[in-house]
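Q: This is the structure I have questions about; it appears just below.
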Amino acid sequence: MAFLEIDGLKKRFGNVEILKGINVELEKGGFLVLVGPSGCGKSTLLNTIAGLEQITEGEIRVEGRAINDLHPSKRDIAMVFQSYALYPNMTVAGNIAFGMEMRGVPAAQRQAAIDKVAKILQIGHLLNRKPSQLSGGQRQRVAMGRALVRDPKLFLFDEPLSNLDAKLRVDMRIEIKRLHATTGTTIVYVTHDQIEAMTLATKIAVMRDGEVQQFGTPAEIYNNPTNIFVADFMGSPAMNLIPAKIDGNGSGLSVVLDREARQPIVLPMPGAPAGLAAFKDKPVIFGVRPEALTDPEGAERNGSSIATADCHIEVVEPAGSDTFAVTNLGGKGVVARLRADAKIQPGTSTPLAFNLSKAVFFDPATEKRIL
């Protein structure tokens, strides 16, 4: 039995349907990330789990028990907000202990709990400070400590890192990952940042317009996107989605990529998906991640299907550990991820290796993956 079950959940505000039948499960100790663009319904879904929003249809269960009609205080759930929501007139220790104090927890037990979470979050030296004396990352740790000290069944995080600068977001992401590994807590986490989703989650639900587009592990979401939206949203840089045509002869199928004022590139597809044969002589969307399009020396040695073609390089972007090159295929800019020391110049024709074992294809009419 799953620890958290969301079954057929719908939420309407008047005649507007915000959540359109959400089905998600999470194992005990799992880390579920709800990811998607602004307005997709992920925060509303989190609020329904917390009990801050009433659902219209469906059921939410924790350990097999329906919690739909329970008051938020009875759900044994702790929530960490984007805004931290700390009491400015209290010290760090006071903020962490406030909930326990309201529940009548004895002073010695409160202090033991404060010391425990302060050690986990490395904020012991901050216990006597006020929130105004803390950095954004320190405030976020205090907010996490206030949730941790309750030892709830489920933790909810609502875009907790969105107010932090880029470097601090990375640091706090590591802290949250370490916290999850150390405590074994069950977490549901909302973000619009797909890097956070990929690095933190054991399961990801990619949302769009109130619907779950795909639910699975980070590897499943990244390597086997179910539609064009997921393929484009997950990954940085995003997957290249190139208009193409499928050609076929006695030796099998090939993908044909048009180029401006140049001969098309024809890539043989010995391991093509079974459904691709139905698209012979028809347009498709050819999806390839930047790391699966690289210089021949940097291509995956164990790749089962590597094809090389000369490509005209329009832009070169050195990025330290990698070099990104942009070429034009199918009328679109296509990003290749090369080795940092790759010898490549804009305005030249350079061989690029396509790892076709990592390629995916989509039906342009339905935007769904061709299997």
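For the structure tokens, the naming scheme is as follows: chains receive sequential letters (A, B, ...) according to their order of presentation, residues are indexed from 1 within each chain, and ligands are indexed from 1 in presentation order.
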Counting only C-alpha atoms, which residues of stretch 251-287 of chain A sit at most 9 Å from some atom of stretch 328-339 of chain A, and what is each one's closest atom pair with its distance in Å to one decimal, listed by chain and rising residue number, as a tab-separated table?

A:
```
residue	atom	partner	partner_atom	distance
A:Val256	CA	A:Gly330	CA	8.9
A:Leu257	CA	A:Gly330	CA	5.5
A:Asp258	CA	A:Gly330	CA	4.8
A:Arg259	CA	A:Leu329	CA	5.3
A:Glu260	CA	A:Gly331	CA	7.2
A:Pro264	CA	A:Leu329	CA	8.7
A:Ile265	CA	A:Leu329	CA	8.6
```

Q: Env of A:Phe155: 12 Å cut, atoms = only C-alpha atoms, seq-sep filter 4 positions within chain, self excluded. Answer as a PyMOL selection string.

A: chain A and resi 4+28-33+46+49-50+75-81+143-151+176+179-180+183-190

Q: Have a look at atom CA of A:Arg141 and atom CA of A:Ile195 and let me know their distance in Å, one decimal.

A: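 About the pair atom CA of A:Arg141 and atom CA of A:Ile195: they are 20.3 Å apart.
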
Q: So how far away is atom CA of A:Pro72 from atom CA of A:Lys10, in Å?

A: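 If I compute the distance from atom CA of A:Lys10 to atom CA of A:Pro72, I get 18.6 Å.
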
Q: For the structure I just gave you, how does DSSP split stretch 195-350 of chain A - specifically, which residues are alpha helix (DSSP H)? Reply as number ranges by chain.

A: A: 195-200, 218-223, 228-233

Q: At what distance in Å, to one decimal, does atom CA of A:Met269 lie from atom CA of A:Ala307?

A: 9.1 Å

Q: Which residue gives the smallest distance to A:Ala197 among A:Leu34, A:Ile344, A:Leu371, A:Ile123, with only C-alpha atoms counted?

A: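 Using only C-alpha atoms, the shortest distance to A:Ala197 belongs to A:Leu34.
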
Q: Let's see if you can do this: from backbone DSSP, list all strand (DSSP E) residues in stretch 87-221 of chain A, as a PyMOL selection string.

A: chain A and resi 154-158+187-191+203-208+211-216

Q: What does the file look like for those residues with C-alpha atoms, as an mmCIF file, in the first residue's frame?

A:
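See result21.cif below for the written result:
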```cif
data_model
loop_
_atom_site.group_PDB
_atom_site.id
_atom_site.type_symbol
_atom_site.label_atom_id
_atom_site.label_comp_id
_atom_site.auth_asym_id
_atom_site.auth_seq_id
_atom_site.Cartn_x
_atom_site.Cartn_y
_atom_site.Cartn_z
ATOM 1 C CA LEU A 154 4.295 14.118 5.956
ATOM 2 C CA PHE A 155 6.248 17.262 5.050
ATOM 3 C CA LEU A 156 5.027 19.740 2.432
ATOM 4 C CA PHE A 157 7.371 22.301 0.836
ATOM 5 C CA ASP A 158 5.875 25.125 -1.254
ATOM 6 C CA ILE A 187 8.107 14.837 1.442
ATOM 7 C CA VAL A 188 5.898 16.497 -1.183
ATOM 8 C CA TYR A 189 7.703 19.448 -2.743
ATOM 9 C CA VAL A 190 6.439 22.086 -5.169
ATOM 10 C CA THR A 191 8.730 23.910 -7.590
ATOM 11 C CA LYS A 203 9.148 10.562 -8.010
ATOM 12 C CA ILE A 204 8.128 13.504 -10.194
ATOM 13 C CA ALA A 205 4.668 14.626 -11.307
ATOM 14 C CA VAL A 206 4.930 17.008 -14.258
ATOM 15 C CA MET A 207 1.828 19.206 -14.299
ATOM 16 C CA ARG A 208 0.213 21.408 -16.918
ATOM 17 C CA GLU A 211 -3.416 17.737 -15.157
ATOM 18 C CA VAL A 212 -0.492 15.393 -14.528
ATOM 19 C CA GLN A 213 1.265 15.021 -17.876
ATOM 20 C CA GLN A 214 3.636 12.321 -16.636
ATOM 21 C CA PHE A 215 4.391 10.624 -13.315
ATOM 22 C CA GLY A 216 7.535 8.589 -12.725
#
```

Q: Between stretch 259-346 of chain A and stretch 350-361 of chain A, at 6 Å or less, what are the per-residue closest atom pairs and their distances in Å? Count only C-alpha atoms, order by chain and rising residue number, and return it as a tab-separated table.

A:
```
residue	atom	partner	partner_atom	distance
A:Ile285	CA	A:Phe361	CA	5.6
A:Phe286	CA	A:Phe361	CA	4.9
A:Gly287	CA	A:Val360	CA	5.0
A:Val288	CA	A:Ala359	CA	4.9
A:Ala292	CA	A:Asn355	CA	5.0
A:Leu293	CA	A:Phe354	CA	4.8
A:Thr294	CA	A:Ala353	CA	5.3
A:Asp295	CA	A:Leu352	CA	4.9
A:Pro296	CA	A:Ala353	CA	5.1
A:Ser305	CA	A:Leu356	CA	5.4
A:Ile306	CA	A:Asn355	CA	4.7
A:Ala307	CA	A:Phe354	CA	5.2
A:Thr308	CA	A:Ala353	CA	4.4
A:Ala309	CA	A:Pro351	CA	5.3
A:Asp310	CA	A:Pro351	CA	4.1
A:Cys311	CA	A:Thr350	CA	5.4
```

Q: Quick one: write out the picked residues with N, CA and C atoms as a CSV table (one decimal), in the first residue's frame?

A:
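Output saved as again_14.csv:
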```
chain,number,residue,atom,x,y,z
A,285,ILE,N,8.3,14.7,-35.1
A,285,ILE,CA,9.2,15.5,-34.3
A,285,ILE,C,10.3,14.6,-33.7
A,286,PHE,N,11.5,14.9,-34.1
A,286,PHE,CA,12.6,14.1,-33.7
A,286,PHE,C,13.2,14.8,-32.5
A,287,GLY,N,13.2,14.0,-31.3
A,287,GLY,CA,13.7,14.6,-30.1
A,287,GLY,C,15.1,14.0,-29.7
A,288,VAL,N,16.1,14.9,-29.4
A,288,VAL,CA,17.4,14.4,-29.0
A,288,VAL,C,17.9,15.4,-28.0
A,292,ALA,N,23.2,13.9,-26.3
A,292,ALA,CA,23.2,12.9,-27.2
A,292,ALA,C,23.6,13.4,-28.6
A,293,LEU,N,24.0,14.6,-28.7
A,293,LEU,CA,24.4,15.2,-30.0
A,293,LEU,C,25.7,15.9,-29.6
A,294,THR,N,26.9,15.3,-30.0
A,294,THR,CA,28.2,15.8,-29.5
A,294,THR,C,29.2,15.6,-30.6
A,295,ASP,N,30.5,15.9,-30.2
A,295,ASP,CA,31.6,15.7,-31.1
A,295,ASP,C,31.9,14.2,-31.1
A,296,PRO,N,32.4,13.6,-32.3
A,296,PRO,CA,32.5,12.2,-32.3
A,296,PRO,C,33.4,11.6,-31.2
A,305,SER,N,23.7,2.8,-31.4
A,305,SER,CA,23.4,3.4,-32.7
A,305,SER,C,23.9,4.8,-32.8
A,306,ILE,N,25.2,5.0,-33.2
A,306,ILE,CA,25.8,6.3,-33.4
A,306,ILE,C,25.9,6.6,-34.9
A,307,ALA,N,25.4,7.8,-35.3
A,307,ALA,CA,25.5,8.2,-36.7
A,307,ALA,C,26.1,9.6,-36.7
A,308,THR,N,27.0,9.8,-37.6
A,308,THR,CA,27.8,11.0,-37.7
A,308,THR,C,27.4,11.8,-39.0
A,309,ALA,N,27.2,13.1,-38.9
A,309,ALA,CA,26.9,13.9,-40.0
A,309,ALA,C,27.6,15.3,-39.9
A,310,ASP,N,28.0,15.9,-41.0
A,310,ASP,CA,28.6,17.2,-41.0
A,310,ASP,C,27.5,18.3,-40.8
A,311,CYS,N,27.7,19.2,-39.8
A,311,CYS,CA,26.7,20.2,-39.5
A,311,CYS,C,27.4,21.6,-39.5
```

Q: Residues within 8 Å of A:Met1, please, as number ranges by chain. Count only C-alpha atoms; anything in the same chain fewer than 4 positions from it doesn't count.

A: A: 27, 63-64

Q: Which residue is closest to A:Ala93? Choose from A:Thr348, A:Asn23, A:Asn128, A:Thr202 and count only C-alpha atoms.

A: A:Asn128

Q: Fewer than 2 positions away in the same chain doesn't count, so skip those; otherwise give me all residues within 12 Å of A:Phe233, counting only C-alpha atoms, as a tab-separated table (two decimals) with N, CA and C atoms, in the first residue's frame.

A:
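So the final result, stored in out_18.tsv, reads:
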```tsv
chain	number	residue	atom	x	y	z
A	35	VAL	N	6.05	19.53	-10.29
A	35	VAL	CA	6.76	20.53	-11.08
A	35	VAL	C	5.92	20.92	-12.28
A	36	GLY	N	6.05	22.17	-12.67
A	36	GLY	CA	5.31	22.66	-13.83
A	36	GLY	C	5.37	24.17	-13.88
A	37	PRO	N	4.90	24.77	-14.95
A	37	PRO	CA	4.95	26.23	-15.08
A	37	PRO	C	3.97	26.90	-14.12
A	192	HIS	N	8.85	25.22	-9.63
A	192	HIS	CA	8.77	25.39	-11.08
A	192	HIS	C	10.13	25.14	-11.71
A	193	ASP	N	11.13	24.84	-10.86
A	193	ASP	CA	12.51	24.64	-11.30
A	193	ASP	C	12.76	23.16	-11.57
A	194	GLN	N	12.93	22.79	-12.84
A	194	GLN	CA	13.06	21.38	-13.17
A	194	GLN	C	14.40	20.80	-12.70
A	195	ILE	N	15.41	21.63	-12.48
A	195	ILE	CA	16.67	21.13	-11.92
A	195	ILE	C	16.45	20.66	-10.48
A	197	ALA	N	13.65	19.60	-9.32
A	197	ALA	CA	12.85	18.37	-9.43
A	197	ALA	C	13.74	17.16	-9.72
A	198	MET	N	14.65	17.29	-10.68
A	198	MET	CA	15.49	16.17	-11.08
A	198	MET	C	16.45	15.75	-9.97
A	206	VAL	N	4.84	15.83	-13.40
A	206	VAL	CA	4.93	17.01	-14.26
A	206	VAL	C	3.51	17.46	-14.56
A	207	MET	N	3.20	18.72	-14.18
A	207	MET	CA	1.83	19.21	-14.30
A	207	MET	C	1.71	20.31	-15.34
A	208	ARG	N	0.54	20.35	-15.95
A	208	ARG	CA	0.21	21.41	-16.92
A	208	ARG	C	-1.30	21.58	-16.95
A	213	GLN	N	0.86	15.45	-16.53
A	213	GLN	CA	1.26	15.02	-17.88
A	213	GLN	C	2.05	13.72	-17.84
A	214	GLN	N	2.87	13.56	-16.80
A	214	GLN	CA	3.64	12.32	-16.64
A	214	GLN	C	4.03	12.18	-15.18
A	221	ILE	N	11.21	10.24	-16.47
A	221	ILE	CA	10.73	11.52	-16.99
A	221	ILE	C	11.73	12.08	-18.00
A	222	TYR	N	13.01	12.00	-17.68
A	222	TYR	CA	14.05	12.61	-18.52
A	222	TYR	C	14.29	11.81	-19.80
A	225	PRO	N	10.17	10.83	-22.06
A	225	PRO	CA	9.04	11.77	-21.91
A	225	PRO	C	7.84	11.29	-22.70
A	226	THR	N	6.67	11.45	-22.10
A	226	THR	CA	5.47	10.91	-22.72
A	226	THR	C	4.90	11.82	-23.80
A	227	ASN	N	5.27	13.10	-23.78
A	227	ASN	CA	4.78	14.02	-24.81
A	227	ASN	C	5.76	15.18	-24.99
A	228	ILE	N	5.46	16.04	-25.94
A	228	ILE	CA	6.36	17.14	-26.28
A	228	ILE	C	6.52	18.10	-25.11
A	229	PHE	N	5.44	18.35	-24.38
A	229	PHE	CA	5.53	19.29	-23.26
A	229	PHE	C	6.55	18.81	-22.23
A	230	VAL	N	6.48	17.55	-21.82
A	230	VAL	CA	7.41	17.02	-20.83
A	230	VAL	C	8.84	17.04	-21.38
A	231	ALA	N	9.01	16.65	-22.64
A	231	ALA	CA	10.34	16.64	-23.25
A	231	ALA	C	10.96	18.02	-23.25
A	235	GLY	N	14.77	19.36	-18.45
A	235	GLY	CA	16.11	19.32	-19.01
A	235	GLY	C	16.65	20.72	-19.24
A	236	SER	N	17.94	20.89	-18.97
A	236	SER	CA	18.57	22.19	-19.16
A	236	SER	C	20.00	21.98	-19.69
A	237	PRO	N	20.24	22.33	-20.95
A	237	PRO	CA	19.30	22.86	-21.95
A	237	PRO	C	18.19	21.84	-22.26
A	238	ALA	N	17.11	22.35	-22.83
A	238	ALA	CA	15.97	21.51	-23.14
A	238	ALA	C	16.29	20.54	-24.27
A	239	MET	N	15.48	19.49	-24.38
A	239	MET	CA	15.61	18.56	-25.50
A	239	MET	C	15.42	19.30	-26.81
A	240	ASN	N	16.24	18.97	-27.80
A	240	ASN	CA	16.04	19.47	-29.15
A	240	ASN	C	14.84	18.77	-29.77
A	241	LEU	N	13.87	19.52	-30.24
A	241	LEU	CA	12.66	18.97	-30.87
A	241	LEU	C	12.64	19.45	-32.31
```

Q: Which residues are near A:Gly210? Cut-off 8 Å, only C-alpha atoms, ignore same chain within fewer than 6 positions. Put them as a list in words.

A: Glu17, Ile18, Leu19, Lys20, Cys40, Gly41 and Lys42 of chain A

Q: Identify, on the basis of only C-alpha atoms, every residue whose closest approach to A:Val92 does not exceed 9 Å; exclude the query and any residue fewer than 5 positions from it along the same chain; express the result as an NGL selection string.

A: :A and (86-87 or 97 or 123 or 126-131 or 139 or 142)

Q: Compile the contact shell of A:Ser83 as a short mmCIF file (atom, residue, chain, number, x, y, z; two decimals) with C-alpha atoms, in the first residue's frame: residues with an atom at most 9 Å away, counting only C-alpha atoms, same-chain residues fewer than 6 positions apart removed.

A:
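Writing done, so here's result.cif:
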```cif
data_model
loop_
_atom_site.label_atom_id
_atom_site.label_comp_id
_atom_site.auth_asym_id
_atom_site.auth_seq_id
_atom_site.Cartn_x
_atom_site.Cartn_y
_atom_site.Cartn_z
CA GLN A 140 14.75 28.76 5.42
CA PRO A 160 10.95 26.99 -0.48
CA ASN A 163 13.42 33.63 -2.80
#
```
